[in-house]
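Working notes, structure below.
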Amino acid sequence: MTPPPTVIAEPVTGAARPRPTVDVAPAPAPVAPAPGPKPATGGLLVLAGMLLVALNLRAAVTSLGALLGEVRTGLGLSGAMAGLVTTLPTIAFAGLGALTPWLVRRYAPARVLVVAMTALAVGQVLRVVTDSALVFVATSALALAGIAVANILLPMLVKQHFPHRTGLVTGAYTMALTTGTTVAAASAVPVAHAFGSWRAGLGVWAGLAALAVLPWVPLALRARAARRAATGAVAVAAPARVRPARTRLGWAMAVYFGAQSLSGYAIMGWLAQLFRDAGFRPETAGLLLAGVTALGVPVALLMPTLAGRLRTLRPLVFGLTAFSAVSYLGLALAPRGGALLWVALLALGQGAFPLILTTIGLRARTAEGTVALSAFAQSTGYVIAALGPLLVGVLYEATGGWTAPIGFLLVALAVQTGAGLVIARPRFVEDER
C-alpha cells in the first residue's frame, strides 16, 4: 500500500502541494572532535612550556663555552677533541634537526618535546659526572639532540596554537632564548667558582631542562588520549608532504638562516678577541661581547611583532643589513673609539635571527608546512653557520689582523641580503610544491 503524499506549506502563499517521500539513508551522526586543551588553560600551558624550552636552547652551549678551559684541564681534552666539542652544536642542530618532521608525523609534538627535554636534562647530568673525554662528548651530543629537535618544533607550535599572534609569541620565546643564552654565559663561571668545580657550572642547567619537561607531560597525555579517541572515528587523509628543498623559497630561507647564523657564531667566537686586540682588558672585552646579547633581548621581542604587521619584509631586511654593515666597518676602522656604538648596531643587526624565526611561520600555511620549512631552513642553515667561526679564525691567523675576517663577514652579509629579498614578499612554501 502506497503511503499518502506529504503536504508541505509554500513559504510565500501558504498553499499546500503534495511531494512524494523518498527513502534516504540517514546521515551518519557527526563525530565529535577529539578533546583538546581549553584555550584559557591549554594555551597558557603551551606558552609556558614554549618559554621554558626556549630558555634551554642555548644554555648548555654557552655555559660550556664559558668553562671550556676548565673542562679541557679537568678531562684532559686534546686540542682536536676541544675543537670537536665546540663544533658539536652546529653538527647536532644540522643533522638531528632534520629528523624532526619524521618524528612529528608519528608522534604528537608534546610527546616529542617531553623526550627532547628529558634527553637534554639527562645529557647534562651525565656529562658532568664522568671523567672520560669520550663519554663527555657522547653525553653532550645527547643533550644537543634534545635542543636540535626543540629548535625545529617551536615555530610549528606557534603556528599551531597561536596562528593569530605569531609575531608576539615568536618574540616572547626568542626573548626567552636570548635571555637563557646571556644568563648561562654570564653565570656559568661564578657558579663554578662558588661550588669549586666546573661540573657545577655546567650541571646546574640540567635542573632548568627538567623544569621544561613539566608543562609538556599533561599536554602529551592529553594528546595521546585525543589520538586514541579519534582512532577509527574518521578516516583523515594524510596531508601532502611539503618538501622545501624543492622550492626557491625553502632555499632562500635556508641561505638567510645560514648566513645570519654564520655571522652570529663568528661574533660569539671572535668579537672578544677583536676587542682585546684593540687594547681592551679581557674583562671589558667580555662585557662588550655580553652587551651584544643583552641588547638583543628587546630586539628579539620587538622584531617578530614588527615583521608580523608588515606586508613586505624589505624594509627590515635592508635596515638590518645597514646596521650590521656599519658595525662591521666601524669594528674594522675604529674598534676602540666607537666600541659601544658598534656593539649597539651589531645587536640591532643580529635581529635577523628573530626575523627569520618569525618568517618561518609567515611563509607556511599549515603546521605541517611550518615544521618542514623550519627543519630544512635550520638544518641546512647550521651547516652553513659552522663555517663562520672556522673561516674567521683561518683568516685571522693567516693575516694577523681583522680586515680580512670582517671582509668575509661583509660578503656573508651581502648573501644574506640577497636571500632576504627573496623571502621578503608574501608567499607560501605549500604553493611551490
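Going by the C-alpha cells order, chains are called A, B, ..., each with residues numbered from 1, while ligands are numbered from 1 in the order shown.
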
Item to check | Nearby residues (only C-alpha atoms) at most 8 Å from region 166-171 of chain A, same-chain spacing under 5 positions excluded, as a list of chain:residue names | outcome: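 After dropping sequence-adjacent residues, the list is A:Leu47, A:Pro155, A:Val158, A:Lys159, A:Ala300, A:Leu301, A:Leu302, A:Met303, A:Pro304, A:Thr305, A:Leu306, A:Ala307, A:Gly308, A:Pro354, A:Leu357, A:Thr358, A:Gly361, A:Leu362.
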
Please provide as a short mmCIF file (atom, residue, chain, number, x, y, z; two decimals) with N, CA and C atoms, in the first residue's frame all residues within 8 Å of Thr178 (chain A), with the sequence filter that same-chain residues fewer than 6 positions apart are discarded (counting only C-alpha atoms).
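Wrote out35.cif, looks like this:
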```cif
data_model
loop_
_atom_site.label_atom_id
_atom_site.label_comp_id
_atom_site.auth_asym_id
_atom_site.auth_seq_id
_atom_site.Cartn_x
_atom_site.Cartn_y
_atom_site.Cartn_z
N LEU A 55 64.26 28.91 26.99
CA LEU A 55 65.33 29.25 27.94
C LEU A 55 66.47 28.25 27.89
N THR A 293 74.57 40.45 23.25
CA THR A 293 73.46 39.55 23.58
C THR A 293 72.41 40.25 24.43
N ALA A 294 72.85 41.06 25.40
CA ALA A 294 71.90 41.75 26.28
C ALA A 294 71.03 42.73 25.51
N GLY A 296 70.30 42.49 22.55
CA GLY A 296 69.47 41.72 21.63
C GLY A 296 68.16 41.25 22.24
N VAL A 297 68.01 41.35 23.57
CA VAL A 297 66.78 40.87 24.21
C VAL A 297 65.57 41.69 23.77
N ALA A 300 64.82 41.04 20.15
CA ALA A 300 64.17 39.74 19.93
C ALA A 300 62.68 39.81 20.21
#
```

Checklist outcome for this item: If you count only C-alpha atoms, the residue of A:Val217, A:Val343, A:Ala185, A:Leu249 closest to Gly330 (chain A) turns out to be A:Val343

Item to check | Straight-line distance linking CA of Leu262 (chain A) with CA of Val292 (chain A), stated in Å to one decimal | outcome: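 Computed distance, CA of Leu262 (chain A) to CA of Val292 (chain A), equals 15.5 Å.
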
Next on the checklist: Could you list, as JSON, numbers by chain, every residue within 9 Å of Ala206 (chain A), counting only C-alpha atoms and ignoring same-chain residues fewer than 4 positions away?
Outcome noted: {"A": [60, 120, 121, 122, 123, 124, 125, 202, 210, 211]}

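Considering only C-alpha atoms, the residue among A:Ala54, A:Leu84, A:Met117, A:Ala188 positioned nearest to Glu70 (chain A) is A:Ala188.
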
Checklist entry - With only C-alpha atoms as the atoms that count, which of A:Met253, A:Thr139, A:Leu67, A:Leu313 lies nearest to Ala192 (chain A)? => result A:Leu67

Next on the checklist: With only C-alpha atoms as the counted atoms, please give the residues lying no more than 12 Å from Leu75 (chain A), apart from itself and same-chain residues fewer than 6 positions off, as a list in words.
Outcome noted: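 The neighbour list is Leu68, Gly69, Met81, Ala82, Arg127, Val128, Val129, Thr130, Asp131, Ser132, Ala133, Leu134, Val135, Phe136, Val137, Trp198 and Arg199 of chain A.
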
With only C-alpha atoms as the counted atoms, please give the residues lying no more than 12 Å from Ala414 (chain A), apart from itself and same-chain residues fewer than 3 positions off, as an mmCIF file with all heavy atoms, in the first residue's frame.
```cif
data_model
loop_
_atom_site.group_PDB
_atom_site.id
_atom_site.type_symbol
_atom_site.label_atom_id
_atom_site.label_comp_id
_atom_site.auth_asym_id
_atom_site.auth_seq_id
_atom_site.Cartn_x
_atom_site.Cartn_y
_atom_site.Cartn_z
ATOM 1 N N VAL A 255 69.385 29.793 3.185
ATOM 2 C CA VAL A 255 70.557 30.650 2.995
ATOM 3 C C VAL A 255 70.520 31.836 3.955
ATOM 4 O O VAL A 255 71.536 32.214 4.553
ATOM 5 C CB VAL A 255 70.644 31.119 1.535
ATOM 6 C CG1 VAL A 255 71.712 32.197 1.364
ATOM 7 C CG2 VAL A 255 70.944 29.936 0.617
ATOM 8 N N TYR A 256 69.332 32.426 4.117
ATOM 9 C CA TYR A 256 69.230 33.559 5.045
ATOM 10 C C TYR A 256 69.529 33.102 6.469
ATOM 11 O O TYR A 256 70.299 33.754 7.191
ATOM 12 C CB TYR A 256 67.829 34.174 4.973
ATOM 13 C CG TYR A 256 67.727 35.515 5.674
ATOM 14 C CD1 TYR A 256 67.985 36.694 4.991
ATOM 15 C CD2 TYR A 256 67.385 35.597 7.019
ATOM 16 C CE1 TYR A 256 67.903 37.921 5.626
ATOM 17 C CE2 TYR A 256 67.304 36.817 7.669
ATOM 18 C CZ TYR A 256 67.559 37.976 6.957
ATOM 19 O OH TYR A 256 67.486 39.193 7.608
ATOM 20 N N ALA A 259 73.342 32.333 6.700
ATOM 21 C CA ALA A 259 74.233 33.496 6.659
ATOM 22 C C ALA A 259 74.165 34.285 7.960
ATOM 23 O O ALA A 259 75.199 34.714 8.497
ATOM 24 C CB ALA A 259 73.872 34.384 5.471
ATOM 25 N N GLN A 260 72.954 34.465 8.506
ATOM 26 C CA GLN A 260 72.868 35.227 9.754
ATOM 27 C C GLN A 260 73.434 34.425 10.925
ATOM 28 O O GLN A 260 74.041 34.991 11.833
ATOM 29 C CB GLN A 260 71.427 35.679 10.011
ATOM 30 C CG GLN A 260 70.401 34.609 10.257
ATOM 31 C CD GLN A 260 70.392 34.107 11.683
ATOM 32 O OE1 GLN A 260 70.768 34.818 12.610
ATOM 33 N NE2 GLN A 260 69.992 32.855 11.863
ATOM 34 N N SER A 263 77.316 34.633 10.862
ATOM 35 C CA SER A 263 77.843 35.853 11.485
ATOM 36 C C SER A 263 77.648 35.810 12.992
ATOM 37 O O SER A 263 78.519 36.237 13.762
ATOM 38 C CB SER A 263 77.159 37.089 10.897
ATOM 39 O OG SER A 263 75.783 37.115 11.206
ATOM 40 N N VAL A 317 64.722 43.856 6.081
ATOM 41 C CA VAL A 317 65.913 43.233 5.500
ATOM 42 C C VAL A 317 66.987 44.285 5.249
ATOM 43 O O VAL A 317 68.156 44.120 5.643
ATOM 44 C CB VAL A 317 65.554 42.496 4.200
ATOM 45 C CG1 VAL A 317 66.818 42.047 3.469
ATOM 46 C CG2 VAL A 317 64.672 41.287 4.490
ATOM 47 N N PHE A 318 66.605 45.395 4.608
ATOM 48 C CA PHE A 318 67.579 46.456 4.311
ATOM 49 C C PHE A 318 68.066 47.139 5.590
ATOM 50 O O PHE A 318 69.250 47.482 5.715
ATOM 51 C CB PHE A 318 66.976 47.479 3.359
ATOM 52 C CG PHE A 318 66.921 47.021 1.931
ATOM 53 C CD1 PHE A 318 65.731 47.030 1.220
ATOM 54 C CD2 PHE A 318 68.060 46.573 1.270
ATOM 55 C CE1 PHE A 318 65.672 46.607 -0.094
ATOM 56 C CE2 PHE A 318 68.020 46.147 -0.045
ATOM 57 C CZ PHE A 318 66.816 46.167 -0.732
ATOM 58 N N LEU A 320 68.303 45.885 8.713
ATOM 59 C CA LEU A 320 69.225 45.021 9.438
ATOM 60 C C LEU A 320 70.571 44.930 8.741
ATOM 61 O O LEU A 320 71.629 44.892 9.389
ATOM 62 C CB LEU A 320 68.612 43.627 9.592
ATOM 63 C CG LEU A 320 67.345 43.553 10.457
ATOM 64 C CD1 LEU A 320 66.720 42.166 10.367
ATOM 65 C CD2 LEU A 320 67.666 43.904 11.894
ATOM 66 N N THR A 321 70.548 44.913 7.420
ATOM 67 C CA THR A 321 71.808 44.912 6.667
ATOM 68 C C THR A 321 72.600 46.178 6.931
ATOM 69 O O THR A 321 73.825 46.134 7.127
ATOM 70 C CB THR A 321 71.519 44.779 5.160
ATOM 71 O OG1 THR A 321 70.908 43.506 4.906
ATOM 72 C CG2 THR A 321 72.794 44.888 4.347
ATOM 73 N N ALA A 322 71.911 47.317 6.940
ATOM 74 C CA ALA A 322 72.600 48.592 7.174
ATOM 75 C C ALA A 322 73.231 48.627 8.564
ATOM 76 O O ALA A 322 74.393 49.055 8.722
ATOM 77 C CB ALA A 322 71.613 49.746 7.003
ATOM 78 N N SER A 324 74.229 46.114 10.453
ATOM 79 C CA SER A 324 75.376 45.203 10.507
ATOM 80 C C SER A 324 76.559 45.743 9.718
ATOM 81 O O SER A 324 77.711 45.669 10.174
ATOM 82 C CB SER A 324 74.975 43.826 9.970
ATOM 83 O OG SER A 324 74.021 43.213 10.801
ATOM 84 N N ALA A 325 76.291 46.272 8.527
ATOM 85 C CA ALA A 325 77.383 46.768 7.683
ATOM 86 C C ALA A 325 78.132 47.906 8.357
ATOM 87 O O ALA A 325 79.375 47.939 8.365
ATOM 88 C CB ALA A 325 76.827 47.211 6.328
ATOM 89 N N GLY A 407 85.967 41.500 6.204
ATOM 90 C CA GLY A 407 85.587 41.476 4.791
ATOM 91 C C GLY A 407 84.782 40.229 4.452
ATOM 92 O O GLY A 407 83.798 40.293 3.699
ATOM 93 N N PHE A 408 85.174 39.096 5.024
ATOM 94 C CA PHE A 408 84.414 37.856 4.828
ATOM 95 C C PHE A 408 82.998 37.981 5.387
ATOM 96 O O PHE A 408 82.020 37.556 4.764
ATOM 97 C CB PHE A 408 85.154 36.698 5.506
ATOM 98 C CG PHE A 408 84.342 35.464 5.684
ATOM 99 C CD1 PHE A 408 83.912 34.709 4.592
ATOM 100 C CD2 PHE A 408 83.985 35.026 6.963
ATOM 101 C CE1 PHE A 408 83.151 33.564 4.765
ATOM 102 C CE2 PHE A 408 83.230 33.878 7.141
ATOM 103 C CZ PHE A 408 82.804 33.151 6.038
ATOM 104 N N LEU A 409 82.854 38.603 6.560
ATOM 105 C CA LEU A 409 81.527 38.790 7.151
ATOM 106 C C LEU A 409 80.673 39.732 6.316
ATOM 107 O O LEU A 409 79.450 39.565 6.226
ATOM 108 C CB LEU A 409 81.658 39.311 8.582
ATOM 109 C CG LEU A 409 82.271 38.340 9.591
ATOM 110 C CD1 LEU A 409 82.371 38.984 10.970
ATOM 111 C CD2 LEU A 409 81.460 37.046 9.678
ATOM 112 N N LEU A 410 81.292 40.705 5.676
ATOM 113 C CA LEU A 410 80.541 41.606 4.790
ATOM 114 C C LEU A 410 80.035 40.858 3.551
ATOM 115 O O LEU A 410 78.925 41.111 3.067
ATOM 116 C CB LEU A 410 81.409 42.792 4.384
ATOM 117 C CG LEU A 410 81.613 43.866 5.470
ATOM 118 C CD1 LEU A 410 82.700 44.845 5.047
ATOM 119 C CD2 LEU A 410 80.299 44.616 5.734
ATOM 120 N N VAL A 411 80.845 39.945 3.034
ATOM 121 C CA VAL A 411 80.391 39.125 1.901
ATOM 122 C C VAL A 411 79.214 38.250 2.330
ATOM 123 O O VAL A 411 78.213 38.127 1.607
ATOM 124 C CB VAL A 411 81.552 38.252 1.373
ATOM 125 C CG1 VAL A 411 81.044 37.257 0.332
ATOM 126 C CG2 VAL A 411 82.641 39.138 0.761
ATOM 127 N N THR A 417 71.482 39.326 2.506
ATOM 128 C CA THR A 417 70.551 40.330 1.998
ATOM 129 C C THR A 417 69.865 39.855 0.729
ATOM 130 O O THR A 417 68.645 40.028 0.559
ATOM 131 C CB THR A 417 71.290 41.650 1.724
ATOM 132 O OG1 THR A 417 71.979 42.055 2.916
ATOM 133 C CG2 THR A 417 70.322 42.745 1.306
ATOM 134 N N GLY A 418 70.624 39.236 -0.160
ATOM 135 C CA GLY A 418 70.020 38.710 -1.385
ATOM 136 C C GLY A 418 68.954 37.672 -1.092
ATOM 137 O O GLY A 418 67.863 37.684 -1.686
ATOM 138 N N ALA A 419 69.240 36.774 -0.157
ATOM 139 C CA ALA A 419 68.236 35.774 0.220
ATOM 140 C C ALA A 419 67.055 36.432 0.913
ATOM 141 O O ALA A 419 65.901 36.019 0.735
ATOM 142 C CB ALA A 419 68.869 34.723 1.134
ATOM 143 N N GLY A 420 67.326 37.476 1.683
ATOM 144 C CA GLY A 420 66.255 38.175 2.375
ATOM 145 C C GLY A 420 65.257 38.813 1.437
ATOM 146 O O GLY A 420 64.052 38.855 1.724
ATOM 147 N N LEU A 421 65.731 39.299 0.311
ATOM 148 C CA LEU A 421 64.823 39.901 -0.657
ATOM 149 C C LEU A 421 63.899 38.856 -1.271
ATOM 150 O O LEU A 421 62.772 39.169 -1.660
ATOM 151 C CB LEU A 421 65.627 40.605 -1.754
ATOM 152 C CG LEU A 421 66.448 41.817 -1.282
ATOM 153 C CD1 LEU A 421 67.228 42.417 -2.445
ATOM 154 C CD2 LEU A 421 65.553 42.869 -0.643
#
```
